[in-house]
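Here is the structure we will look at, set down as structure tokens.
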Amino acid sequence: MRIYIIAPCRKEDIWRKRRATFTLPPMALAILASLTPPEIEIKITDELVEDVDLTASPDLVALSVNTTNSLRAYELARHFRAQGAKIVMGGIHPSVMPEEALEHADSVVVGEAEAVWPELIADFQKGRLKEVYTSSKQPEMDMVPKPAWHLLRQQRYFVRRTFQVSRGCPYGCSFCSSTRFFGRKYRFKPIERVVDEIKNYEKSFIVFVDDNIIGSREYAYELFKALKPLRIRWVAQASIDIARDEPLLRLAAESGCAGLLIGFESIRYGNRKDVKKLKTPQEYEERIRLMRSYGIGVHGSFVFGFDEDTKDVFEDTVRFVLKNRLEVANYCKLTPFPGTDLFDRMKQEGRLTTMDWSKYDRYHVVYQPKNLEIKEFYRLTEEAYTKTYSPLSIIKRTPGVLKNIPYFYAINFSYMIGARLRAKRDRAIY
């Protein structure tokens, strides 16, 4: 039996195959491979970094699908179905749109796959594949096997593997599909397992892919203590609340934290109905200063297009980034992904302008903003990127920690190139 596991990629993103500097390997694919019985032949392709083998003749094709890549997934499903393969789809989009996915697949996995994948494989071998496999409960992290990283083309990524210590997020922001998929309760991997996985990795730079590595302060304290003897450098996502607990922040720095991706989302406090973790700009500035005092770089993530946003939010956000010398900033356009409260609200209000899922990517505007013209939205986002990633801005934001400078310049120039490419595409719109 042969299984082909694929992470599809939109054609407009294929340029990244030649510039994969900061691309991370897809953990979900490697976990599925680990859950598959060893006697089964497995092939994995992440289309972001390599081409799908259209000449392959698998018995079963498993597609990892999000909203953005769903149309490409359906295209691949048609191709392999025509060759006689059965198709199974999993991921966030099929989990919230199972009826749509079943128009293109023989089977859909709803929710996290760990608890149902072995059953699905057994049913397929017996010729009785069910249309829908739904996990009765979200798996605890000790159920998650070590990913089969060796089946991916590891040399094509920024790091050869990533690490995850938790799933779930209690905030419940209106635009976040992760909460719908992973739930609002944190689940944690035993710390001894985390340490064992890191010890078995030959590199000393670690990327954690958790939504919030400090979701539990008690767990974070124990994790950071366990990381200290390993002498690694690491980055992760965290809420700005890490800077409310200075002993925890100090311990993070001592354990090797080089930088944190902080989802500020907005500097407009009026958007707190959509961004449940929102703080005032003054609170943000105080906590950024404390983080920088411990040598921890701050990568800020911002979203434009909330109902409280007017056109001055773009300039105000850039001013905030430059004033606080954030090492990196990315500016996303608000996207109402299917399955989110935001999508339901926008649909009810008749504000969705397209159901072309390939445009649901945080870069296109797919709804009518309340206080912005769509063409203006594109132009102002482009200007925000241009100002943030000008050569002078990059120089002014250079971090004071020498070890972080090579990474800083690499990612800033990568953002500069990416922003120019997006701007060229967007100008065709406005």
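Convention: chains lettered A, B, ... in structure tokens order; per-chain residue numbering from 1; ligands numbered from 1 as shown.
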Please identify the alpha helix (DSSP H) residues within segment 115-256 of chain A (assignment by DSSP from backbone atoms) and present them as a compact mmCIF listing (two decimals) with N, CA and C atoms, in the first residue's frame.
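See out10.txt below for the written result:
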# COMPACT_ATOMS: atom_id res chain seq x y z
N TRP A 117 -6.53 8.72 12.83
CA TRP A 117 -5.76 8.30 11.66
C TRP A 117 -5.53 6.79 11.61
N PRO A 118 -5.14 6.13 12.71
CA PRO A 118 -4.97 4.67 12.63
C PRO A 118 -6.25 3.95 12.23
N GLU A 119 -7.40 4.42 12.73
CA GLU A 119 -8.68 3.81 12.35
C GLU A 119 -8.96 4.02 10.87
N LEU A 120 -8.68 5.22 10.37
CA LEU A 120 -8.90 5.50 8.96
C LEU A 120 -8.06 4.59 8.08
N ILE A 121 -6.79 4.40 8.44
CA ILE A 121 -5.92 3.53 7.64
C ILE A 121 -6.44 2.10 7.66
N ALA A 122 -6.85 1.63 8.83
CA ALA A 122 -7.37 0.26 8.94
C ALA A 122 -8.64 0.10 8.11
N ASP A 123 -9.53 1.09 8.14
CA ASP A 123 -10.76 1.01 7.35
C ASP A 123 -10.45 1.01 5.86
N PHE A 124 -9.47 1.82 5.45
CA PHE A 124 -9.12 1.86 4.03
C PHE A 124 -8.60 0.51 3.57
N GLN A 125 -7.76 -0.13 4.39
CA GLN A 125 -7.21 -1.43 4.02
C GLN A 125 -8.30 -2.49 3.90
N SER A 177 -9.01 31.17 13.58
CA SER A 177 -9.51 29.83 13.30
C SER A 177 -8.81 28.77 14.13
N SER A 178 -7.66 29.12 14.71
CA SER A 178 -6.91 28.16 15.51
C SER A 178 -7.69 27.73 16.74
N THR A 179 -8.39 28.69 17.37
CA THR A 179 -9.16 28.35 18.56
C THR A 179 -10.26 27.35 18.23
N ARG A 180 -10.91 27.55 17.09
CA ARG A 180 -11.97 26.62 16.67
C ARG A 180 -11.41 25.22 16.46
N PHE A 181 -10.20 25.12 15.94
CA PHE A 181 -9.62 23.82 15.61
C PHE A 181 -9.03 23.13 16.84
N PHE A 182 -8.23 23.87 17.62
CA PHE A 182 -7.51 23.28 18.75
C PHE A 182 -8.22 23.45 20.10
N ILE A 191 7.22 17.81 29.98
CA ILE A 191 8.46 18.54 29.76
C ILE A 191 9.63 17.61 29.47
N GLU A 192 9.63 16.43 30.09
CA GLU A 192 10.73 15.50 29.82
C GLU A 192 10.75 15.06 28.36
N ARG A 193 9.57 14.99 27.73
CA ARG A 193 9.51 14.65 26.31
C ARG A 193 10.06 15.78 25.46
N VAL A 194 9.72 17.02 25.84
CA VAL A 194 10.24 18.18 25.11
C VAL A 194 11.77 18.18 25.14
N VAL A 195 12.31 17.99 26.33
CA VAL A 195 13.77 17.99 26.50
C VAL A 195 14.40 16.87 25.69
N ASP A 196 13.78 15.70 25.71
CA ASP A 196 14.32 14.56 24.96
C ASP A 196 14.34 14.85 23.46
N GLU A 197 13.28 15.47 22.94
CA GLU A 197 13.23 15.80 21.52
C GLU A 197 14.30 16.81 21.14
N ILE A 198 14.53 17.79 22.00
CA ILE A 198 15.55 18.80 21.71
C ILE A 198 16.94 18.18 21.77
N LYS A 199 17.18 17.31 22.74
CA LYS A 199 18.49 16.67 22.85
C LYS A 199 18.80 15.81 21.63
N ARG A 217 1.61 29.85 33.08
CA ARG A 217 2.84 30.35 33.70
C ARG A 217 3.57 29.24 34.44
N GLU A 218 2.81 28.38 35.12
CA GLU A 218 3.45 27.29 35.88
C GLU A 218 4.22 26.37 34.94
N TYR A 219 3.61 26.00 33.83
CA TYR A 219 4.28 25.14 32.86
C TYR A 219 5.48 25.86 32.27
N ALA A 220 5.31 27.15 31.92
CA ALA A 220 6.40 27.91 31.31
C ALA A 220 7.61 28.00 32.24
N TYR A 221 7.36 28.21 33.52
CA TYR A 221 8.46 28.25 34.49
C TYR A 221 9.27 26.95 34.45
N GLU A 222 8.55 25.83 34.50
CA GLU A 222 9.24 24.54 34.51
C GLU A 222 9.93 24.27 33.18
N LEU A 223 9.30 24.67 32.08
CA LEU A 223 9.90 24.48 30.76
C LEU A 223 11.19 25.26 30.64
N PHE A 224 11.16 26.54 30.99
CA PHE A 224 12.35 27.38 30.85
C PHE A 224 13.48 26.90 31.76
N LYS A 225 13.13 26.42 32.94
CA LYS A 225 14.16 25.85 33.83
C LYS A 225 14.82 24.64 33.16
N ALA A 226 14.00 23.81 32.52
CA ALA A 226 14.53 22.61 31.86
C ALA A 226 15.36 22.95 30.64
N LEU A 227 15.08 24.08 29.99
CA LEU A 227 15.83 24.47 28.80
C LEU A 227 17.20 25.06 29.13
N GLU A 246 8.09 39.55 35.57
CA GLU A 246 9.51 39.76 35.29
C GLU A 246 10.37 38.55 35.63
N PRO A 247 10.12 37.83 36.73
CA PRO A 247 10.91 36.61 36.95
C PRO A 247 10.78 35.60 35.81
N LEU A 248 9.58 35.46 35.24
CA LEU A 248 9.39 34.55 34.11
C LEU A 248 10.14 35.06 32.89
N LEU A 249 10.08 36.36 32.66
CA LEU A 249 10.79 36.96 31.53
C LEU A 249 12.29 36.76 31.67
N ARG A 250 12.80 36.96 32.87
CA ARG A 250 14.24 36.77 33.13
C ARG A 250 14.63 35.32 32.87
N LEU A 251 13.78 34.38 33.32
CA LEU A 251 14.07 32.97 33.13
C LEU A 251 14.04 32.61 31.64
N ALA A 252 13.12 33.19 30.90
CA ALA A 252 13.08 32.95 29.46
C ALA A 252 14.39 33.38 28.81
N ALA A 253 14.88 34.55 29.19
CA ALA A 253 16.14 35.05 28.64
C ALA A 253 17.29 34.13 29.03
N GLU A 254 17.33 33.70 30.28
CA GLU A 254 18.40 32.82 30.74
C GLU A 254 18.36 31.46 30.06
Residues near Glu285 of chain A, cut-off 12 Å, only C-alpha atoms, skip fewer than 6 positions along chain, as number ranges by chain: A: 240, 243, 264, 267, 279, 291-292, 298, 300, 320-326
Write the residues of the preceding selection, restricted to N, CA and C atoms, as a tab-separated table (two decimals), in the first residue's frame.
chain	number	residue	atom	x	y	z
A	240	ILE	N	1.96	39.21	25.08
A	240	ILE	CA	2.74	40.27	25.72
A	240	ILE	C	2.69	40.15	27.23
A	243	ALA	N	5.64	39.86	29.85
A	243	ALA	CA	6.34	40.99	30.48
A	243	ALA	C	5.59	41.52	31.71
A	264	PHE	N	0.31	41.62	18.66
A	264	PHE	CA	-0.30	42.85	19.16
A	264	PHE	C	-1.68	43.03	18.52
A	267	ILE	N	-3.36	48.57	17.65
A	267	ILE	CA	-3.07	49.58	18.67
A	267	ILE	C	-4.32	50.43	18.96
A	279	LYS	N	-4.37	45.22	24.58
A	279	LYS	CA	-3.92	46.15	25.62
A	279	LYS	C	-3.84	47.56	25.00
A	291	MET	N	11.03	43.78	27.88
A	291	MET	CA	11.53	42.65	27.09
A	291	MET	C	12.89	42.97	26.48
A	292	ARG	N	13.01	44.16	25.93
A	292	ARG	CA	14.28	44.55	25.31
A	292	ARG	C	15.40	44.65	26.34
A	298	VAL	N	11.66	41.52	19.67
A	298	VAL	CA	10.20	41.52	19.54
A	298	VAL	C	9.81	41.58	18.06
A	300	GLY	N	6.62	41.94	15.98
A	300	GLY	CA	5.23	42.33	16.17
A	300	GLY	C	4.35	41.95	15.00
A	320	PHE	N	4.32	53.52	15.87
A	320	PHE	CA	4.48	52.68	17.06
A	320	PHE	C	5.64	51.70	16.88
A	321	VAL	N	5.71	51.07	15.71
A	321	VAL	CA	6.78	50.11	15.41
A	321	VAL	C	8.15	50.78	15.46
A	322	LEU	N	8.27	51.95	14.82
A	322	LEU	CA	9.57	52.63	14.77
A	322	LEU	C	9.95	53.19	16.13
A	323	LYS	N	8.99	53.75	16.85
A	323	LYS	CA	9.27	54.31	18.17
A	323	LYS	C	9.79	53.25	19.12
A	324	ASN	N	9.21	52.05	19.04
A	324	ASN	CA	9.58	50.97	19.95
A	324	ASN	C	10.66	50.05	19.37
A	325	ARG	N	11.14	50.41	18.17
A	325	ARG	CA	12.25	49.69	17.52
A	325	ARG	C	12.01	48.18	17.49
A	326	LEU	N	10.80	47.80	17.08
A	326	LEU	CA	10.52	46.37	16.93
A	326	LEU	C	11.44	45.79	15.87
Applying 10 Å and only C-alpha atoms, which residues near Arg427 of chain A remain after dropping the ones on its own chain fewer than 6 positions away? List them as a count of residues only. 4
What's around Glu327 of chain A at 10 Å? Count only C-alpha atoms, leave out sequence neighbours fewer than 3 positions away in its own chain, and write the answer as a VMD selection string. chain A and resid 259 296 to 300 321 to 322 324 394 396 to 399 404 to 405 407 to 409 411 to 412
Contact residues around Ile42 of chain A with only C-alpha atoms at 10 Å, ignoring same-chain residues under 3 positions, as a list in words: Met1, Arg2, Ile3, Tyr4, Ile5, Leu32, Ala33, Ser34, Thr36, Pro37, Pro38, Glu39, Pro58, Leu60 and Leu151 of chain A
With 10 Å as the cut-off and only C-alpha atoms counted, what is the closest atom pair between each nearby residue of segment 21-93 of chain A and segment 353-373 of chain A? Distances in Å to one decimal, ordered by chain and number, as JSON lines.
{"residue": "A:Asn66", "atom": "CA", "partner": "A:Trp357", "partner_atom": "CA", "distance": 9.3}
{"residue": "A:Thr67", "atom": "CA", "partner": "A:Trp357", "partner_atom": "CA", "distance": 5.8}
{"residue": "A:Thr68", "atom": "CA", "partner": "A:Ser358", "partner_atom": "CA", "distance": 4.6}
{"residue": "A:Asn69", "atom": "CA", "partner": "A:Ser358", "partner_atom": "CA", "distance": 6.2}
{"residue": "A:Ser70", "atom": "CA", "partner": "A:Trp357", "partner_atom": "CA", "distance": 6.8}
{"residue": "A:Leu71", "atom": "CA", "partner": "A:Ser358", "partner_atom": "CA", "distance": 6.5}
{"residue": "A:Arg72", "atom": "CA", "partner": "A:Ser358", "partner_atom": "CA", "distance": 8.3}
{"residue": "A:His93", "atom": "CA", "partner": "A:Trp357", "partner_atom": "CA", "distance": 9.8}
Write down as a compact mmCIF listing (two decimals) with N, CA and C atoms, in the first residue's frame the residues belonging to segment 134-265 of chain A that are assigned strand (DSSP E or B) by DSSP computed on the backbone.
# COMPACT_ATOMS: atom_id res chain seq x y z
N THR A 134 -14.35 11.87 12.93
CA THR A 134 -14.32 12.96 13.89
C THR A 134 -13.75 12.47 15.20
N PHE A 163 9.30 22.55 17.02
CA PHE A 163 8.90 21.90 18.27
C PHE A 163 7.58 22.52 18.75
N SER A 166 2.47 22.74 23.27
CA SER A 166 1.09 22.90 23.70
C SER A 166 0.17 23.10 22.50
N ARG A 167 -1.11 22.91 22.75
CA ARG A 167 -2.16 23.24 21.79
C ARG A 167 -3.30 23.90 22.55
N ARG A 187 -3.43 22.39 26.36
CA ARG A 187 -2.94 21.03 26.62
C ARG A 187 -1.43 21.05 26.45
N PHE A 188 -0.72 20.40 27.35
CA PHE A 188 0.74 20.52 27.37
C PHE A 188 1.43 19.17 27.24
N PHE A 205 19.64 25.99 17.48
CA PHE A 205 18.64 27.03 17.33
C PHE A 205 17.28 26.36 17.17
N ILE A 206 16.35 26.70 18.07
CA ILE A 206 15.07 26.00 18.16
C ILE A 206 13.93 26.96 17.87
N VAL A 207 12.94 26.48 17.09
CA VAL A 207 11.72 27.24 16.83
C VAL A 207 10.53 26.48 17.42
N PHE A 208 9.85 27.11 18.38
CA PHE A 208 8.61 26.56 18.92
C PHE A 208 7.44 27.14 18.12
N ARG A 233 19.47 28.43 21.68
CA ARG A 233 18.82 29.70 21.41
C ARG A 233 17.46 29.35 20.82
N TRP A 234 16.41 30.04 21.26
CA TRP A 234 15.09 29.67 20.79
C TRP A 234 14.21 30.89 20.56
N VAL A 235 13.21 30.70 19.67
CA VAL A 235 12.20 31.71 19.40
C VAL A 235 10.84 31.04 19.47
N ALA A 236 9.81 31.84 19.73
CA ALA A 236 8.46 31.29 19.88
C ALA A 236 7.45 32.41 19.75
N GLN A 237 6.18 32.03 19.76
CA GLN A 237 5.10 32.99 19.88
C GLN A 237 4.68 33.07 21.35
N ALA A 238 4.34 34.26 21.80
CA ALA A 238 3.89 34.44 23.18
C ALA A 238 3.00 35.66 23.25
N CYS A 257 16.09 32.44 25.18
CA CYS A 257 15.11 33.10 24.31
C CYS A 257 15.76 34.25 23.55
N ALA A 258 15.78 34.15 22.22
CA ALA A 258 16.35 35.20 21.38
C ALA A 258 15.31 36.19 20.92
N GLY A 259 14.07 35.75 20.79
CA GLY A 259 13.02 36.64 20.32
C GLY A 259 11.66 35.99 20.43
N LEU A 260 10.62 36.82 20.45
CA LEU A 260 9.25 36.34 20.56
C LEU A 260 8.37 37.04 19.53
N LEU A 261 7.52 36.26 18.88
CA LEU A 261 6.49 36.82 18.02
C LEU A 261 5.30 37.18 18.89
N ILE A 262 4.98 38.46 18.93
CA ILE A 262 3.89 38.96 19.76
C ILE A 262 2.74 39.39 18.86
N GLY A 263 1.57 38.81 19.08
CA GLY A 263 0.40 39.22 18.32
C GLY A 263 -0.24 40.44 18.95
N PHE A 264 0.31 41.62 18.66
CA PHE A 264 -0.30 42.85 19.16
C PHE A 264 -1.68 43.03 18.52
N GLU A 265 -1.79 42.66 17.26
CA GLU A 265 -3.01 42.73 16.45
C GLU A 265 -3.43 44.16 16.14
Of the candidates A:Thr23, A:Ser57, A:Ser393, A:Asn271, which one gets nearest to Met416 of chain A if we count only C-alpha atoms?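 Of all the options, A:Ser393 lies closest to Met416 of chain A.
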With segment 328-337 of chain A as the partner and 9 Å as the cut-off, tabulate the residues of segment 126-217 of chain A that qualify, each row holding the nearest pair of atoms and their distance in Å to one decimal, using only C-alpha atoms, sorted by chain and rising number, as a tab-separated table.
residue	atom	partner	partner_atom	distance
A:Ser174	CA	A:Pro336	CA	8.5
A:Phe175	CA	A:Pro336	CA	5.8
A:Cys176	CA	A:Phe337	CA	7.7
A:Ser177	CA	A:Phe337	CA	6.7
Got time to write the residues from that selection, C-alpha atoms, as a CSV table (one decimal), in the first residue's frame?
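Result went into again.csv, see below:
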chain,number,residue,atom,x,y,z
A,174,SER,CA,-13.2,36.7,16.5
A,175,PHE,CA,-10.9,36.2,13.5
A,176,CYS,CA,-8.9,33.3,14.8
A,177,SER,CA,-9.5,29.8,13.3
For Ser136 of chain A, please output as a PyMOL selection string all residues within 12 Å (counting only C-alpha atoms; exclusion window: fewer than 5 positions along the same chain). chain A and resi 109-116
What does the file look like for those residues with N, CA and C atoms, as a short mmCIF file (atom, residue, chain, number, x, y, z; two decimals), in the first residue's frame?
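And here is the file that came out, out_17.cif:
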data_model
loop_
_atom_site.label_atom_id
_atom_site.label_comp_id
_atom_site.auth_asym_id
_atom_site.auth_seq_id
_atom_site.Cartn_x
_atom_site.Cartn_y
_atom_site.Cartn_z
N VAL A 109 -11.26 14.22 7.60
CA VAL A 109 -10.95 14.15 9.03
C VAL A 109 -11.33 15.49 9.64
N VAL A 110 -12.23 15.47 10.60
CA VAL A 110 -12.67 16.68 11.29
C VAL A 110 -11.94 16.78 12.62
N GLY A 111 -11.17 17.85 12.77
CA GLY A 111 -10.41 18.03 14.00
C GLY A 111 -9.01 17.43 13.91
N GLU A 112 -8.39 17.29 15.05
CA GLU A 112 -7.02 16.77 15.11
C GLU A 112 -7.00 15.28 14.77
N ALA A 113 -5.97 14.87 14.04
CA ALA A 113 -6.00 13.54 13.41
C ALA A 113 -5.46 12.42 14.29
N GLU A 114 -4.74 12.74 15.36
CA GLU A 114 -4.02 11.69 16.10
C GLU A 114 -4.92 10.53 16.53
N ALA A 115 -6.14 10.84 16.97
CA ALA A 115 -7.00 9.79 17.52
C ALA A 115 -7.70 8.96 16.45
N VAL A 116 -7.79 9.48 15.21
CA VAL A 116 -8.58 8.78 14.19
C VAL A 116 -7.77 8.26 13.02
#
For atom CA of Arg244 of chain A and atom CA of Arg289 of chain A, determine how far apart the two atoms are, in Å to one decimal place.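 These two atoms are separated by 11.8 Å.
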Compare A:Thr381, A:Pro139, A:Tyr294, A:Ile87 by their minimum atom-to-atom distance to Asp312 of chain A, counting only C-alpha atoms, and give me the closest one. A:Thr381
